[in-house]
>>> print(open('work.csv').read())   # CSV, C-alpha atoms
chain,number,residue,atom,x,y,z
A,779,MET,CA,147.4,108.7,77.1
A,780,SER,CA,151.0,110.1,77.5
A,781,LYS,CA,152.3,113.2,75.7
A,782,HIS,CA,154.4,111.0,73.5
A,783,ASP,CA,151.5,108.7,72.6
A,784,LYS,CA,149.4,111.8,71.8
A,785,LYS,CA,152.2,113.0,69.5
A,786,LEU,CA,152.3,109.6,67.7
A,787,GLU,CA,148.6,109.6,67.5
A,788,GLN,CA,148.6,113.0,65.7
A,789,ALA,CA,151.5,111.9,63.5
A,790,ALA,CA,149.6,108.7,62.5
A,791,ARG,CA,146.6,110.8,61.6
A,792,ALA,CA,148.8,113.2,59.6
A,793,ALA,CA,150.4,110.2,57.8
A,794,TRP,CA,147.0,108.8,56.8
A,795,MET,CA,146.1,112.2,55.3
A,796,TYR,CA,149.4,112.7,53.6
A,797,TYR,CA,150.3,109.2,52.3
A,798,VAL,CA,146.9,107.7,51.7
A,799,ALA,CA,144.4,110.5,51.1
A,800,GLY,CA,146.9,112.7,49.2
A,801,GLU,CA,146.4,115.8,51.3
A,802,THR,CA,149.0,118.6,51.2
A,803,GLN,CA,150.8,119.7,54.3
A,804,GLN,CA,148.8,122.9,54.2
A,805,ASP,CA,145.5,120.8,54.1
A,806,ILE,CA,146.7,118.8,57.0
A,807,ALA,CA,147.6,121.9,59.0
A,808,GLU,CA,144.1,123.3,58.5
A,809,LYS,CA,142.3,120.1,59.4
A,810,LEU,CA,144.4,119.3,62.4
A,811,GLY,CA,144.3,123.0,63.6
A,812,VAL,CA,148.1,123.3,63.6
A,813,SER,CA,150.6,125.4,61.7
A,814,ARG,CA,152.0,124.2,58.4
A,815,GLN,CA,155.4,123.8,60.1
A,816,VAL,CA,153.9,121.5,62.7
A,817,ALA,CA,152.1,119.5,60.1
A,818,GLN,CA,155.4,119.1,58.2
A,819,ARG,CA,157.1,117.9,61.4
A,820,LEU,CA,154.2,115.4,62.1
A,821,VAL,CA,154.6,113.8,58.7
A,822,ALA,CA,158.3,113.6,59.2
A,823,LEU,CA,157.9,112.1,62.7
A,824,ALA,CA,155.6,109.4,61.3
A,825,ALA,CA,158.4,108.4,58.9
A,826,GLU,CA,161.1,108.7,61.5
A,827,GLN,CA,159.2,106.5,64.0
A,828,GLY,CA,158.6,103.7,61.4
A,829,LEU,CA,154.9,104.3,61.3
A,830,VAL,CA,154.9,104.5,57.5
A,831,SER,CA,155.9,101.5,55.4
A,832,VAL,CA,153.7,99.9,52.7
A,833,ASN,CA,150.9,100.8,55.1
A,834,ILE,CA,150.6,102.9,58.3
A,835,SER,CA,151.4,100.6,61.1
A,836,HIS,CA,150.4,102.8,64.0
A,837,PRO,CA,146.6,102.9,64.3
A,838,VAL,CA,144.7,106.0,65.4
A,839,ALA,CA,143.4,105.3,68.9
A,840,GLU,CA,140.0,107.0,68.3
A,841,CYS,CA,139.5,104.8,65.2
A,842,MET,CA,140.4,101.7,67.2
A,843,SER,CA,137.9,102.7,69.9
A,844,LEU,CA,135.2,103.3,67.4
A,845,ALA,CA,135.8,99.9,65.7
A,846,GLN,CA,135.6,98.1,69.0
A,847,SER,CA,132.4,99.9,69.9
A,848,LEU,CA,130.9,99.0,66.5
A,849,GLN,CA,131.9,95.4,67.0
A,850,ARG,CA,130.2,95.2,70.4
A,851,ARG,CA,127.1,97.1,69.4
A,852,TYR,CA,126.4,95.2,66.2
A,853,GLY,CA,128.1,91.9,66.8
A,854,LEU,CA,130.6,92.2,64.1
A,855,ASP,CA,133.5,89.8,63.6
A,856,VAL,CA,135.7,92.2,61.7
A,857,CYS,CA,135.7,96.0,61.9
A,858,GLN,CA,138.2,98.6,60.7
A,859,VAL,CA,137.7,102.4,61.0
A,860,VAL,CA,139.9,104.9,59.2
A,861,PRO,CA,140.4,108.6,60.0
A,862,SER,CA,138.1,110.9,58.2
A,863,ASP,CA,137.8,114.2,60.2
A,864,GLY,CA,138.1,117.1,57.8
A,865,LEU,CA,138.4,115.0,54.7
A,866,ASP,CA,136.1,115.0,51.6
A,867,SER,CA,134.6,111.8,50.1
A,868,PRO,CA,137.5,111.0,47.6
A,869,GLY,CA,140.0,111.0,50.4
A,870,ILE,CA,137.8,108.9,52.7
A,871,HIS,CA,137.2,106.4,50.0
A,872,GLN,CA,140.9,106.0,49.3
A,873,MET,CA,141.6,105.4,53.0
A,874,ILE,CA,138.9,102.8,53.1
A,875,ALA,CA,140.3,101.1,50.0
A,876,VAL,CA,143.7,100.8,51.6
A,877,ALA,CA,142.4,99.5,54.9
A,878,GLY,CA,139.9,97.2,53.1
A,879,ALA,CA,142.7,95.7,51.0
A,880,GLU,CA,144.4,94.6,54.2
A,881,VAL,CA,141.2,92.9,55.4
A,882,MET,CA,140.8,91.2,52.0
A,883,ALA,CA,144.4,90.1,52.1
A,884,HIS,CA,143.8,88.0,55.2
A,885,THR,CA,141.7,85.7,53.1
A,886,LEU,CA,143.7,85.8,49.9
A,887,LYS,CA,147.0,84.9,51.7
A,888,GLN,CA,145.6,81.5,52.8
A,889,SER,CA,147.1,78.5,51.1
A,890,ALA,CA,143.9,76.4,51.4
A,891,PRO,CA,141.5,76.9,48.5
A,892,GLN,CA,139.0,79.7,49.1
A,893,ILE,CA,135.8,80.6,47.4
A,894,ILE,CA,135.6,84.4,47.4
A,895,ALA,CA,132.2,85.9,46.4
A,896,VAL,CA,132.2,89.5,45.3
A,897,GLY,CA,129.6,92.1,44.6
A,898,SER,CA,130.2,95.2,42.5
A,899,GLY,CA,130.6,98.9,42.8
A,900,ARG,CA,133.1,101.7,42.9
A,901,MET,CA,134.3,101.1,46.5
A,902,LEU,CA,135.0,97.5,45.9
A,903,ARG,CA,136.8,98.2,42.7
A,904,ALA,CA,139.0,100.8,44.5
A,905,THR,CA,139.7,98.3,47.3
A,906,ILE,CA,140.8,95.5,45.0
A,907,ASP,CA,143.0,98.0,43.1
A,908,GLU,CA,145.0,98.4,46.3
A,909,LEU,CA,145.7,94.7,46.6
A,910,PRO,CA,149.1,93.2,45.7
A,911,THR,CA,149.1,90.2,43.3
A,912,PHE,CA,148.9,86.9,45.1
A,913,ASP,CA,150.0,83.6,43.6
A,914,ARG,CA,146.9,81.7,44.6
A,915,PRO,CA,145.4,80.0,41.6
A,916,GLN,CA,143.7,77.5,43.9
A,917,HIS,CA,141.2,80.3,44.9
A,918,SER,CA,138.0,80.9,43.0
A,919,CYS,CA,136.2,84.2,42.6
A,920,VAL,CA,132.4,84.2,42.2
A,921,SER,CA,130.2,87.0,41.0
A,922,LEU,CA,127.2,87.7,43.2
A,923,ILE,CA,125.5,90.1,40.8
A,924,GLY,CA,125.0,90.6,37.1
A,925,ALA,CA,126.6,93.6,35.6
A,926,ILE,CA,124.3,94.1,32.6
A,927,ALA,CA,122.1,97.2,32.5
A,928,SER,CA,118.7,97.3,30.7
A,929,ASP,CA,120.3,98.7,27.5
A,930,GLY,CA,122.7,95.8,27.3
A,931,SER,CA,125.7,97.8,28.5
A,932,CYS,CA,128.0,96.6,31.3
A,933,THR,CA,129.0,98.6,34.2
A,934,ARG,CA,132.7,99.5,34.6
A,935,TYR,CA,132.6,98.3,38.2
A,936,ASP,CA,132.2,94.6,37.5
A,937,VAL,CA,134.9,93.8,40.0
A,938,PRO,CA,135.1,90.0,40.4
A,939,LEU,CA,137.3,89.8,37.3
A,940,TRP,CA,139.7,92.2,38.9
A,941,MET,CA,139.8,90.1,42.1
A,942,ALA,CA,140.6,87.0,40.0
A,943,GLU,CA,143.4,88.8,38.3
A,944,LYS,CA,144.9,89.6,41.7
A,945,THR,CA,144.8,86.0,42.8
A,946,GLN,CA,145.6,84.3,39.4
A,947,GLY,CA,142.5,82.1,40.2
A,948,ARG,CA,139.3,81.2,38.3
A,949,TYR,CA,136.5,83.6,37.9
A,950,PHE,CA,132.8,82.7,37.7
A,951,ILE,CA,130.5,85.3,36.2
A,952,LEU,CA,126.8,85.5,37.0
A,953,PRO,CA,125.2,85.4,33.5
A,954,ALA,CA,122.2,87.7,33.9
A,955,PRO,CA,121.2,91.4,34.0
A,956,LEU,CA,120.7,92.8,37.5
A,957,PHE,CA,117.0,93.3,36.8
A,958,ALA,CA,115.4,91.1,34.1
A,959,ASP,CA,112.8,92.7,31.8
A,960,SER,CA,109.9,90.8,33.4
A,961,PRO,CA,109.3,88.1,36.0
A,962,ASP,CA,109.0,85.5,33.2
A,963,ASP,CA,112.3,86.7,31.8
A,964,ARG,CA,113.9,86.4,35.3
A,965,THR,CA,112.8,82.8,35.4
A,966,LEU,CA,114.5,82.1,32.1
A,967,TRP,CA,117.8,83.7,33.2
A,968,CYS,CA,117.8,82.0,36.7
A,969,ASN,CA,116.9,78.5,35.3
A,970,HIS,CA,119.9,78.5,33.0
A,971,ARG,CA,122.4,75.8,33.9
A,972,ILE,CA,125.4,78.1,34.2
A,973,TYR,CA,123.4,80.5,36.4
A,974,ARG,CA,122.5,77.7,38.7
A,975,THR,CA,126.1,76.4,38.8
A,976,VAL,CA,127.5,79.9,39.7
A,977,THR,CA,124.9,80.5,42.4
A,978,GLU,CA,125.5,77.1,43.9
A,979,LYS,CA,129.2,78.0,44.1
A,980,ALA,CA,128.4,81.3,45.7
A,981,ALA,CA,126.4,79.5,48.4
A,982,GLN,CA,129.6,77.7,49.3
A,983,ALA,CA,131.7,80.9,49.6
A,984,ASN,CA,134.1,81.3,52.5
A,985,VAL,CA,133.7,85.0,52.4
A,986,MET,CA,131.6,87.7,50.6
A,987,PHE,CA,133.0,91.1,49.9
A,988,LEU,CA,130.3,93.7,49.2
A,989,GLY,CA,129.6,97.4,49.0
A,990,ILE,CA,126.5,99.1,50.6
A,991,GLY,CA,124.6,101.3,48.2
A,992,HIS,CA,122.5,104.3,49.1
A,993,ILE,CA,119.2,105.3,47.4
A,994,ASP,CA,119.0,108.8,46.2
A,995,ALA,CA,118.7,110.7,42.9
A,996,GLY,CA,121.9,110.1,41.0
A,997,CYS,CA,123.0,107.2,43.2
A,998,PRO,CA,125.1,104.6,41.4
A,999,LEU,CA,122.2,102.3,40.6
A,1000,ASN,CA,120.4,105.2,39.1
A,1001,ALA,CA,123.4,106.8,37.4
A,1002,ASP,CA,124.4,103.5,35.8
A,1003,GLY,CA,121.0,102.9,34.4
A,1004,PHE,CA,119.8,100.0,36.6
A,1005,ILE,CA,116.8,101.9,38.1
A,1006,SER,CA,115.0,104.9,36.8
A,1007,ASP,CA,114.3,108.3,38.4
A,1008,GLN,CA,110.7,107.2,39.0
A,1009,GLN,CA,111.8,104.0,40.7
A,1010,VAL,CA,114.2,106.0,42.9
A,1011,ALA,CA,111.3,108.2,44.0
A,1012,GLN,CA,109.1,105.2,44.7
A,1013,LEU,CA,111.8,103.5,46.8
A,1014,GLN,CA,112.3,106.8,48.8
A,1015,GLN,CA,108.5,106.9,49.4
A,1016,GLN,CA,108.9,103.4,50.9
A,1017,ARG,CA,111.7,104.8,53.2
A,1018,VAL,CA,114.4,102.7,51.5
A,1019,VAL,CA,117.8,104.0,52.4
A,1020,ALA,CA,120.2,101.2,51.3
A,1021,GLU,CA,120.7,98.4,48.9
A,1022,MET,CA,123.0,95.4,48.8
A,1023,LEU,CA,123.1,93.4,45.5
A,1024,GLY,CA,119.8,95.0,44.6
A,1025,HIS,CA,118.0,94.0,47.8
A,1026,PHE,CA,116.4,97.1,49.2
A,1027,ILE,CA,116.7,98.0,52.9
A,1028,GLY,CA,114.6,100.3,55.0
A,1029,GLU,CA,115.6,102.7,57.8
A,1030,ASP,CA,114.9,100.0,60.3
A,1031,GLY,CA,117.3,97.6,58.7
A,1032,GLU,CA,114.6,95.2,57.3
A,1033,ARG,CA,114.1,94.2,53.7
A,1034,VAL,CA,111.6,96.4,51.8
A,1035,SER,CA,109.5,94.7,49.1
A,1036,SER,CA,109.2,96.4,45.7
A,1037,GLU,CA,108.1,95.5,42.2
A,1038,LEU,CA,111.8,95.2,41.3
A,1039,ASP,CA,112.0,92.0,43.5
A,1040,THR,CA,110.2,90.0,40.9
A,1041,ARG,CA,112.9,90.8,38.4
A,1042,LEU,CA,116.0,90.7,40.6
A,1043,THR,CA,118.5,88.0,39.6
A,1044,SER,CA,121.4,88.5,42.1
A,1045,VAL,CA,122.3,86.0,44.8
A,1046,THR,CA,119.9,86.1,47.7
A,1047,LEU,CA,120.8,87.9,50.9
A,1048,GLY,CA,118.9,88.4,54.1
A,1049,ALA,CA,118.8,90.3,57.3
A,1050,HIS,CA,120.3,88.8,60.5
A,1051,THR,CA,122.8,86.8,58.4
A,1052,GLN,CA,125.0,84.0,59.7
A,1053,ARG,CA,127.3,84.3,56.7
A,1054,ASN,CA,130.8,85.8,56.6
A,1055,ILE,CA,129.9,89.1,54.7
A,1056,ILE,CA,132.3,92.0,54.9
A,1057,ALA,CA,131.2,95.4,53.6
A,1058,PHE,CA,133.4,98.3,52.5
A,1059,CYS,CA,131.6,101.6,52.7
A,1060,GLY,CA,132.0,105.2,53.9
A,1061,GLY,CA,131.4,108.9,53.3
A,1062,LYS,CA,128.6,111.2,54.5
A,1063,GLU,CA,126.2,110.1,51.7
A,1064,LYS,CA,126.4,106.6,53.0
A,1065,HIS,CA,125.6,107.2,56.7
A,1066,ARG,CA,122.0,106.1,56.6
A,1067,ALA,CA,122.7,103.2,54.4
A,1068,ILE,CA,125.5,101.9,56.7
A,1069,CYS,CA,123.2,102.3,59.8
A,1070,ALA,CA,120.5,100.3,58.1
A,1071,ALA,CA,122.8,97.5,57.1
A,1072,LEU,CA,124.1,97.3,60.7
A,1073,LYS,CA,120.7,97.5,62.3
A,1074,GLY,CA,119.4,94.7,60.1
A,1075,GLY,CA,122.4,92.4,60.7
A,1076,TRP,CA,123.1,92.2,56.9
A,1077,ILE,CA,126.9,92.1,57.4
A,1078,SER,CA,129.4,90.4,59.8
A,1079,GLY,CA,132.3,92.8,59.0
A,1080,LEU,CA,132.7,96.5,58.1
A,1081,VAL,CA,135.5,98.7,56.9
A,1082,THR,CA,134.4,102.4,57.2
A,1083,ASP,CA,135.4,105.8,58.4
A,1084,GLU,CA,135.2,107.8,61.7
A,1085,ALA,CA,132.2,109.9,60.8
A,1086,SER,CA,130.2,106.9,59.5
A,1087,ALA,CA,131.1,104.9,62.6
A,1088,ARG,CA,130.0,107.7,64.9
A,1089,ALA,CA,126.7,108.0,63.0
A,1090,ALA,CA,126.0,104.3,63.4
A,1091,LEU,CA,126.8,104.4,67.1
A,1092,ALA,CA,124.5,107.4,67.6
A,1093,GLN,CA,121.6,105.3,66.6
A,1094,SER,CA,119.3,104.4,69.5
>>> encode(input="work.csv", output="structure tokens")
Amino acid sequence: MSKHDKKLEQAARAAWMYYVAGETQQDIAEKLGVSRQVAQRLVALAAEQGLVSVNISHPVAECMSLAQSLQRRYGLDVCQVVPSDGLDSPGIHQMIAVAGAEVMAHTLKQSAPQIIAVGSGRMLRATIDELPTFDRPQHSCVSLIGAIASDGSCTRYDVPLWMAEKTQGRYFILPAPLFADSPDDRTLWCNHRIYRTVTEKAAQANVMFLGIGHIDAGCPLNADGFISDQQVAQLQQQRVVAEMLGHFIGEDGERVSSELDTRLTSVTLGAHTQRNIIAFCGGKEKHRAICAALKGGWISGLVTDEASARAALAQS
């Protein structure tokens, strides 16, 4: 890499931090190991060289290399890696949201009618927030997961509606709680005509956009009231490290059975998928979950951060 290319590389990294993660020039200086004046010049250089527009058009070479390595190692069709060295989780999540919106836009821009199936969660919500509005009323957005907790409340991260608002298309909600009260109750929910109609439509989806959840005390499923502290502890005893749509995944990437399976109402997923499933996930707390999803072949695409990518590539 030439001296000029290295300078552009550092300017692009500074631009990501400044324009996307909201870091100050002093923060950037500390994290890049340069003076504040140099950090200021790097941000200015990024603007002068046309690297910054609506998005940052010059990729960071290390991130590109990590993305290519992940694609080769795990057979991914799509992979984007954003800078994360020295950043905290909020900054990383914002970067993933911006990069993820670009990946989503490839599907949403198409003029042919698309069925877009969407999970739930904070990361997906943030990513959809970064999307521009598309005039694509021919597209349909289908929910893959119920957003009702055991107390009847709904999570704030029921994101398919937000996706439908971005496309001006139709929105199909999955009419069920994530976990029914009992196996018999699950049967009642899942045999409803509307439930069957929505899941049949989801089975025809051109693409699925999902998050990858981690399992720990205070994780989103726990904090939002879907699983109890006792259930979290039991899942951890079974070496569960990840979940997708309520399907629990062990360290080896394989599905782990639990008593919750008999009450789960979300659309069925499986390891070693042949479907077009793109996940958006990053941050230190997600490293083990991302590794498990990749090992098990649960996804065909991933938007993540540098540290998460390195953790996945370090797996034997």
>>> atom_distance(input="work.csv", atom1="CA of Ala799 (chain A)", atom2="CA of Ile990 (chain A)")
21.2 Å
>>> residues_near_point(input="work.csv", point="(116.8, 95.0, 38.0)", cutoff="12 Å", atoms="all atoms listed in the file", output="PDB file with C-alpha atoms, in the coordinates of the input")
ATOM      1  CA  ILE A 923     125.500  90.100  40.800  1.00  0.00           C
ATOM      2  CA  GLY A 924     125.000  90.600  37.100  1.00  0.00           C
ATOM      3  CA  ALA A 925     126.600  93.600  35.600  1.00  0.00           C
ATOM      4  CA  ILE A 926     124.300  94.100  32.600  1.00  0.00           C
ATOM      5  CA  ALA A 927     122.100  97.200  32.500  1.00  0.00           C
ATOM      6  CA  SER A 928     118.700  97.300  30.700  1.00  0.00           C
ATOM      7  CA  ASP A 929     120.300  98.700  27.500  1.00  0.00           C
ATOM      8  CA  ALA A 954     122.200  87.700  33.900  1.00  0.00           C
ATOM      9  CA  PRO A 955     121.200  91.400  34.000  1.00  0.00           C
ATOM     10  CA  LEU A 956     120.700  92.800  37.500  1.00  0.00           C
ATOM     11  CA  PHE A 957     117.000  93.300  36.800  1.00  0.00           C
ATOM     12  CA  ALA A 958     115.400  91.100  34.100  1.00  0.00           C
ATOM     13  CA  ASP A 959     112.800  92.700  31.800  1.00  0.00           C
ATOM     14  CA  SER A 960     109.900  90.800  33.400  1.00  0.00           C
ATOM     15  CA  PRO A 961     109.300  88.100  36.000  1.00  0.00           C
ATOM     16  CA  ASP A 963     112.300  86.700  31.800  1.00  0.00           C
ATOM     17  CA  ARG A 964     113.900  86.400  35.300  1.00  0.00           C
ATOM     18  CA  LEU A 999     122.200 102.300  40.600  1.00  0.00           C
ATOM     19  CA  ASN A1000     120.400 105.200  39.100  1.00  0.00           C
ATOM     20  CA  ASP A1002     124.400 103.500  35.800  1.00  0.00           C
ATOM     21  CA  GLY A1003     121.000 102.900  34.400  1.00  0.00           C
ATOM     22  CA  PHE A1004     119.800 100.000  36.600  1.00  0.00           C
ATOM     23  CA  ILE A1005     116.800 101.900  38.100  1.00  0.00           C
ATOM     24  CA  SER A1006     115.000 104.900  36.800  1.00  0.00           C
ATOM     25  CA  GLN A1009     111.800 104.000  40.700  1.00  0.00           C
ATOM     26  CA  LEU A1023     123.100  93.400  45.500  1.00  0.00           C
ATOM     27  CA  GLY A1024     119.800  95.000  44.600  1.00  0.00           C
ATOM     28  CA  HIS A1025     118.000  94.000  47.800  1.00  0.00           C
ATOM     29  CA  PHE A1026     116.400  97.100  49.200  1.00  0.00           C
ATOM     30  CA  SER A1036     109.200  96.400  45.700  1.00  0.00           C
ATOM     31  CA  GLU A1037     108.100  95.500  42.200  1.00  0.00           C
ATOM     32  CA  LEU A1038     111.800  95.200  41.300  1.00  0.00           C
ATOM     33  CA  ASP A1039     112.000  92.000  43.500  1.00  0.00           C
ATOM     34  CA  THR A1040     110.200  90.000  40.900  1.00  0.00           C
ATOM     35  CA  ARG A1041     112.900  90.800  38.400  1.00  0.00           C
ATOM     36  CA  LEU A1042     116.000  90.700  40.600  1.00  0.00           C
ATOM     37  CA  THR A1043     118.500  88.000  39.600  1.00  0.00           C
ATOM     38  CA  SER A1044     121.400  88.500  42.100  1.00  0.00           C
TER      39      SER A1044
END
>>> atom_distance(input="work.csv", atom1="CA of Ala877 (chain A)", atom2="CA of Ala983 (chain A)")
22.1 Å
>>> closest_atom_pairs(input="work.csv", of="region 883-926 of chain A", to="region 868-872 of chain A", cutoff="12 Å", atoms="only C-alpha atoms", output="CSV")
residue,atom,partner,partner_atom,distance
A:Arg900,CA,A:His871,CA,9.5
A:Met901,CA,A:His871,CA,7.0
A:Leu902,CA,A:His871,CA,10.0
A:Arg903,CA,A:His871,CA,11.0
A:Ala904,CA,A:Gln872,CA,7.3
A:Thr905,CA,A:Gln872,CA,8.0
A:Ile906,CA,A:Gln872,CA,11.3
A:Asp907,CA,A:Gln872,CA,10.3
A:Glu908,CA,A:Gln872,CA,9.1
>>> closest_residue(input="work.csv", among="A:Arg791, A:Arg971, A:Arg850, A:Lys1073", to="Gly1031 (chain A)", atoms="all atoms listed in the file")
A:Lys1073
>>> residues_around(input="work.csv", residues="Val798 (chain A)", least_positions_apart="2", cutoff="8 Å", atoms="only C-alpha atoms", output="PyMOL selection string")
chain A and resi 793-796+800+869+872-873+876
>>> closest_residue(input="work.csv", among="A:Pro861, A:Gln1012, A:Gln827, A:Tyr973", to="Ser843 (chain A)", atoms="only C-alpha atoms")
A:Pro861
>>> closest_residue(input="work.csv", among="A:Lys1062, A:His884, A:Arg1033, A:His917", to="Ala1085 (chain A)", atoms="only C-alpha atoms")
A:Lys1062
>>> closest_residue(input="work.csv", among="A:Ile993, A:Ala1087, A:Val1010, A:Leu1047", to="Asp863 (chain A)", atoms="all atoms listed in the file")
A:Ala1087
